[in-house]
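> Can you keep this structure in mind? I'll have questions shortly.
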Amino acid sequence: MFKYIRIASIILIVGMAVFFYVPFNLSPPDSTRVILDHDKKTYIAPPCFNQADATNFLEETTVAKLDELDYEANSSCTEEALTEKKTTLFHRVTGKSEFEW
């Protein structure tokens, strides 16, 4: 009886450690918004828009559509905003995302 309780306790402790502390990489979801600047053939992450030297020929799209286009990141800010982020399962389950702008 105590053997099963000990095994269950160990599994529970390991599971909680993985859930709260073990990081994994999270890529931006395909639905993450970006802004296209068609004149310069670049894309801009929304948090970086005020810093960008954008023209008036803009369109909003998603990260999934970027694969179809041959556009470059507008700045290092945009590249940084769209890189993989380290997160834990706890933050993922609670809905906190680095890519929600």
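A note on labels: chains of the structure tokens are A, B, ... as shown, every chain counts residues from 1, and ligands are counted from 1 in their shown order.
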Report as a VMD selection string: the residues of chain A with a DSSP assignment of alpha helix (DSSP H), based on the backbone of this structure.

chain A and resid 2 to 21 63 to 66 76 to 81 89 to 93

> Can those selected residues be exported to a file as a short mmCIF file (atom, residue, chain, number, x, y, z; two decimals), in the first residue's frame so that it contains N, CA, C and O atoms?


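After the write, part_8.cif holds the following:
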```cif
data_model
loop_
_atom_site.label_atom_id
_atom_site.label_comp_id
_atom_site.auth_asym_id
_atom_site.auth_seq_id
_atom_site.Cartn_x
_atom_site.Cartn_y
_atom_site.Cartn_z
N PHE A 2 1.87 1.30 0.91
CA PHE A 2 2.74 2.47 0.99
C PHE A 2 3.62 2.60 -0.25
O PHE A 2 4.03 3.69 -0.62
N LYS A 3 3.89 1.47 -0.88
CA LYS A 3 4.70 1.48 -2.09
C LYS A 3 3.98 2.25 -3.20
O LYS A 3 4.59 3.05 -3.91
N TYR A 4 2.68 2.05 -3.35
CA TYR A 4 1.89 2.74 -4.37
C TYR A 4 1.75 4.24 -4.06
O TYR A 4 1.78 5.06 -4.96
N ILE A 5 1.63 4.55 -2.79
CA ILE A 5 1.54 5.96 -2.39
C ILE A 5 2.87 6.66 -2.69
O ILE A 5 2.88 7.79 -3.18
N ARG A 6 3.97 6.00 -2.41
CA ARG A 6 5.29 6.57 -2.68
C ARG A 6 5.49 6.78 -4.18
O ARG A 6 5.95 7.83 -4.61
N ILE A 7 5.12 5.81 -4.99
CA ILE A 7 5.26 5.94 -6.45
C ILE A 7 4.37 7.06 -6.97
O ILE A 7 4.80 7.89 -7.78
N ALA A 8 3.14 7.14 -6.49
CA ALA A 8 2.22 8.20 -6.91
C ALA A 8 2.74 9.57 -6.49
O ALA A 8 2.64 10.54 -7.25
N SER A 9 3.32 9.66 -5.30
CA SER A 9 3.89 10.92 -4.82
C SER A 9 5.06 11.37 -5.68
O SER A 9 5.18 12.54 -6.03
N ILE A 10 5.92 10.45 -6.05
CA ILE A 10 7.07 10.77 -6.89
C ILE A 10 6.60 11.24 -8.27
O ILE A 10 7.09 12.24 -8.80
N ILE A 11 5.64 10.54 -8.84
CA ILE A 11 5.10 10.93 -10.14
C ILE A 11 4.46 12.32 -10.05
O ILE A 11 4.65 13.15 -10.95
N LEU A 12 3.75 12.60 -9.00
CA LEU A 12 3.10 13.89 -8.81
C LEU A 12 4.14 15.02 -8.68
O LEU A 12 4.00 16.07 -9.30
N ILE A 13 5.18 14.79 -7.91
CA ILE A 13 6.23 15.82 -7.72
C ILE A 13 6.97 16.07 -9.04
O ILE A 13 7.21 17.23 -9.40
N VAL A 14 7.31 15.03 -9.76
CA VAL A 14 7.99 15.20 -11.05
C VAL A 14 7.06 15.93 -12.04
O VAL A 14 7.49 16.83 -12.76
N GLY A 15 5.80 15.56 -12.05
CA GLY A 15 4.84 16.22 -12.94
C GLY A 15 4.68 17.70 -12.62
O GLY A 15 4.62 18.54 -13.52
N MET A 16 4.64 18.04 -11.35
CA MET A 16 4.53 19.45 -10.95
C MET A 16 5.79 20.22 -11.32
O MET A 16 5.70 21.37 -11.76
N ALA A 17 6.95 19.60 -11.18
CA ALA A 17 8.20 20.27 -11.56
C ALA A 17 8.21 20.55 -13.05
O ALA A 17 8.60 21.64 -13.48
N VAL A 18 7.80 19.59 -13.84
CA VAL A 18 7.74 19.80 -15.29
C VAL A 18 6.74 20.89 -15.62
O VAL A 18 7.01 21.78 -16.43
N PHE A 19 5.58 20.87 -15.00
CA PHE A 19 4.51 21.82 -15.28
C PHE A 19 4.91 23.25 -14.96
O PHE A 19 4.61 24.18 -15.70
N PHE A 20 5.59 23.47 -13.84
CA PHE A 20 5.91 24.82 -13.38
C PHE A 20 7.29 25.32 -13.76
O PHE A 20 7.51 26.53 -13.85
N TYR A 21 8.26 24.44 -13.97
CA TYR A 21 9.64 24.90 -14.09
C TYR A 21 10.36 24.55 -15.39
O TYR A 21 11.31 25.24 -15.75
N VAL A 63 1.17 35.69 -39.46
CA VAL A 63 2.47 35.06 -39.64
C VAL A 63 2.38 33.93 -40.66
O VAL A 63 3.30 33.71 -41.44
N ALA A 64 1.25 33.23 -40.71
CA ALA A 64 1.09 32.13 -41.66
C ALA A 64 1.21 32.62 -43.10
O ALA A 64 1.74 31.91 -43.95
N LYS A 65 0.77 33.81 -43.40
CA LYS A 65 0.82 34.35 -44.76
C LYS A 65 2.24 34.81 -45.14
O LYS A 65 2.53 34.98 -46.31
N LEU A 66 3.10 35.03 -44.15
CA LEU A 66 4.46 35.50 -44.45
C LEU A 66 5.25 34.48 -45.26
O LEU A 66 6.14 34.86 -46.03
N SER A 76 15.30 45.06 -36.42
CA SER A 76 15.68 44.05 -35.44
C SER A 76 14.61 43.90 -34.36
O SER A 76 14.47 42.84 -33.77
N CYS A 77 13.86 44.97 -34.11
CA CYS A 77 12.76 44.90 -33.15
C CYS A 77 11.72 43.87 -33.61
O CYS A 77 11.25 43.06 -32.82
N THR A 78 11.40 43.89 -34.89
CA THR A 78 10.44 42.92 -35.44
C THR A 78 10.99 41.52 -35.37
O THR A 78 10.27 40.58 -35.01
N GLU A 79 12.26 41.34 -35.72
CA GLU A 79 12.87 40.02 -35.65
C GLU A 79 12.82 39.48 -34.22
O GLU A 79 12.50 38.31 -34.00
N GLU A 80 13.14 40.33 -33.25
CA GLU A 80 13.11 39.93 -31.84
C GLU A 80 11.70 39.59 -31.38
O GLU A 80 11.48 38.63 -30.65
N ALA A 81 10.73 40.37 -31.82
CA ALA A 81 9.34 40.16 -31.39
C ALA A 81 8.78 38.84 -31.91
O ALA A 81 7.90 38.25 -31.27
N LEU A 89 4.84 25.15 -19.22
CA LEU A 89 3.48 24.65 -19.46
C LEU A 89 2.47 25.44 -18.64
O LEU A 89 1.35 25.69 -19.10
N PHE A 90 2.84 25.87 -17.44
CA PHE A 90 1.93 26.65 -16.60
C PHE A 90 1.50 27.93 -17.31
O PHE A 90 0.32 28.26 -17.38
N HIS A 91 2.46 28.66 -17.87
CA HIS A 91 2.13 29.90 -18.56
C HIS A 91 1.34 29.63 -19.84
O HIS A 91 0.48 30.41 -20.23
N ARG A 92 1.62 28.52 -20.49
CA ARG A 92 0.88 28.17 -21.71
C ARG A 92 -0.57 27.84 -21.39
O ARG A 92 -1.48 28.26 -22.09
N VAL A 93 -0.79 27.08 -20.32
CA VAL A 93 -2.15 26.68 -19.95
C VAL A 93 -2.96 27.86 -19.44
O VAL A 93 -4.15 27.98 -19.71
#
```

> From the DSSP assignment of the backbone, select every residue of segment 28-76 of chain A that is strand (DSSP E), and format the answer as JSON, numbers by chain.

{"A": [33, 34, 35, 36, 37, 42, 43, 44, 58, 59, 60, 61, 62, 72, 73]}

> Which residue gives the smallest distance to Leu82 of chain A among A:Glu68, A:Asp53, A:Asp30, A:Glu60, with only C-alpha atoms counted?

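Using only C-alpha atoms, the shortest distance to Leu82 of chain A belongs to A:Asp30.
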
> Between A:Asn50, A:Thr42, A:Thr83, A:Asn74, which is the closest to Ser27 of chain A once you count only C-alpha atoms?

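Counting only C-alpha atoms, the residue closest to Ser27 of chain A is A:Thr83.
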
> Quick one: pull the distance between atom CA of Ile44 of chain A and atom CA of Thr87 of chain A, Å, one decimal.

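We find that atom CA of Ile44 of chain A and atom CA of Thr87 of chain A lie 23.3 Å from each other.
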
> Of the candidates A:Ala73, A:Leu58, A:Thr94, A:Glu100, which one gets nearest to Arg33 of chain A if we count only C-alpha atoms?

A:Glu100

> Counting only C-alpha atoms, figure out which residue out of A:Thr62, A:Ser97, A:Thr55, A:Ser31 gets nearest to Glu84 of chain A.

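Smallest separation from Glu84 of chain A among the options: A:Ser97.
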
> Determine the nearest neighbour of Thr32 of chain A from the options A:Phe99, A:Ala54, A:Glu59, A:Leu69, counting only C-alpha atoms.

A:Phe99

> So which residues touch Lys41 of chain A within 7 Å, counting only C-alpha atoms, skipping near sequence neighbours fewer than 4 positions away, as a list in words?

Asp37, Tyr71 and Glu72 of chain A

> Now that the selection is made, can you save its residues with N, CA, C and O atoms as a PDB file, in the first residue's frame?


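Result file again-v9.pdb:
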```
ATOM      1  N   ASP A  37       4.322  46.168 -45.199  1.00  0.00           N
ATOM      2  CA  ASP A  37       4.578  47.427 -45.896  1.00  0.00           C
ATOM      3  C   ASP A  37       4.923  47.041 -47.330  1.00  0.00           C
ATOM      4  O   ASP A  37       6.032  46.606 -47.628  1.00  0.00           O
ATOM      5  N   TYR A  71       9.053  38.827 -48.148  1.00  0.00           N
ATOM      6  CA  TYR A  71       9.271  40.084 -47.441  1.00  0.00           C
ATOM      7  C   TYR A  71      10.290  39.870 -46.332  1.00  0.00           C
ATOM      8  O   TYR A  71      10.407  38.793 -45.771  1.00  0.00           O
ATOM      9  N   GLU A  72      11.015  40.921 -46.005  1.00  0.00           N
ATOM     10  CA  GLU A  72      12.019  40.900 -44.944  1.00  0.00           C
ATOM     11  C   GLU A  72      11.461  41.600 -43.707  1.00  0.00           C
ATOM     12  O   GLU A  72      10.560  42.437 -43.802  1.00  0.00           O
TER      13      GLU A  72
END
```

> Which residue is closest to Val34 of chain A? Choose from A:Thr88, A:Thr61, A:Asn56, A:Ser75 and count only C-alpha atoms.

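Ranked by minimum distance to Val34 of chain A, first place goes to A:Thr61.
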